[in-house]
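Student: The structure that follows is given in the form of structure tokens.
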Amino acid sequence: MRLLRHSGKTMPSQESTHPHTLTVTRTLRLKVKAEAYDWLNAAGCEVNLVWNWAAQVSEKAARPCTGDPKWLTGFDLNNLSSGASKYFDMIGADTIQRVNGEYAQKRRIARRYRLRWRTSRGPRRSLGWIPMKAASLNRKGRAVRFCGKTFRVFEPERLEGVKWKQGCFAQDAVGDWWLCLPIEVRVDESVAPLEKVGIDLGLKEVAVTSDGARCEKDRFYRGIEQKIAQAQRRGHRRQAKRLHRRAANRRKDALHKFSRQIVGQYQKIVVGDVSSPHLAKTRMAKSVLDAGWGMLRGYLQYKGQQAGRTVQVVSERNTSRTCSSCGSLSGPQGVNGLRVRHWMCCHCGEWHDRDVNAARNILRRAELPASVSGNELPSLRVPPSRARRSRKAGIEPVRTVA
Ligand SMILES: [Zn+2]
């Protein structure tokens, strides 16, 4: 198990005296001061030129009029574009090479002849992106230097003492630029105080654990929805985008805090496989898009991996209908059933909180052996005896969790 974990993205540190320390990669994001935006916008257009050139050339090579088709690699593109940097005012050879490499890699993954063009102007403009190599970004006092220009950033103290890898300047939808640098951080691998937890992802609350802890939705969007609508009516598009960004940041913050807390507490984490694209088409679309289940699952997975936890995704089917005490399908169902927050099992008389019950079922589903034939019902057909269930799941039958 240990070996497996170390063979992944997280590599063990060289320090053999601390076997429980891992080195993981995190991205440092620093906002660039507005004085450099003009330069960055111009450089972003040059990056788009390089990208579109790479797209054109590699498509021609893959579908030539005559001769054998060739699937160009980043190395081929670099050879073809050598010496091109003298035709650009802002970007240098290292950025061109990074763009080429990135293009070739993305195209290989997408298995397409050509990726989408990058557009510099108009309403469908691509968000700016200027990749760089680690060596071409240097410190200069509290600022950084890139391509002969000095960039001041907010919170420059976060750059102190870190060693970065190749990063980029990236623009967000509001039009602000960010310096993004992957850095290596040491994290302590520890054993969690509690054994395991099941997490039910829902609409009323984003997530509820089998122990009754909740990640309240806090109405990420709903609170500032009116402000967004107002700004849009008045034609303040930038203001509206800013508000959207604030809502997104709030949501991310809440999900980060919740996932950090879960990973800090539990050794084994089980999540339901509920998918948002399916529900986003229904009437509940706005709530679903607010909730950010995929994001939360992603955070749990990478944080869990970094801390040495087991994170498992299981089918969510019937988990809110099944009684977690006796296993019968006695719970509320259908669209109307969504309104029922508490219910009583008609077989064993257990009083359930809807979400906590579902989370317990999710936790227990991870402990069942995997289905062999693959098409049998995921619900329990034979309810295990009470004693055995308690022993196996380690759940005390809590009466109500308000
Ligand atoms: Zn029951």
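Each chain in the structure tokens gets a letter, A, B, ..., in the order shown, and its residues are numbered from 1; ligands are numbered from 1 in order too.
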Counting only C-alpha atoms and all ligand atoms, what are the residues, protein, DNA or RNA alike, that approach ligand 1 to within 7 Å? I want them as an NGL selection string.
Tutor: :A and (323-328 or 330 or 345-350)
Student: Within 10 Å of region 54-67 of chain A, counting only C-alpha atoms, which residues qualify if same-chain residues fewer than 2 places away don't, as a PyMOL selection string?
Tutor: chain A and resi 48-52+69-74+76-78+80-81+96+99-101+103-104+107+112-118
Student: Hey, what does DSSP flag as helix (DSSP H, G or I) within region 140-215 of chain A? Can you give it to me as a list in words?
Tutor: Pro156, Glu157, Arg158 and Leu159 of chain A
Student: So which residues touch Met295 (chain A) within 10 Å, counting only C-alpha atoms, skipping near sequence neighbours fewer than 2 positions away, as a ChimeraX atom specification?
Tutor: /A:251-252,255-256,291-293,297-301
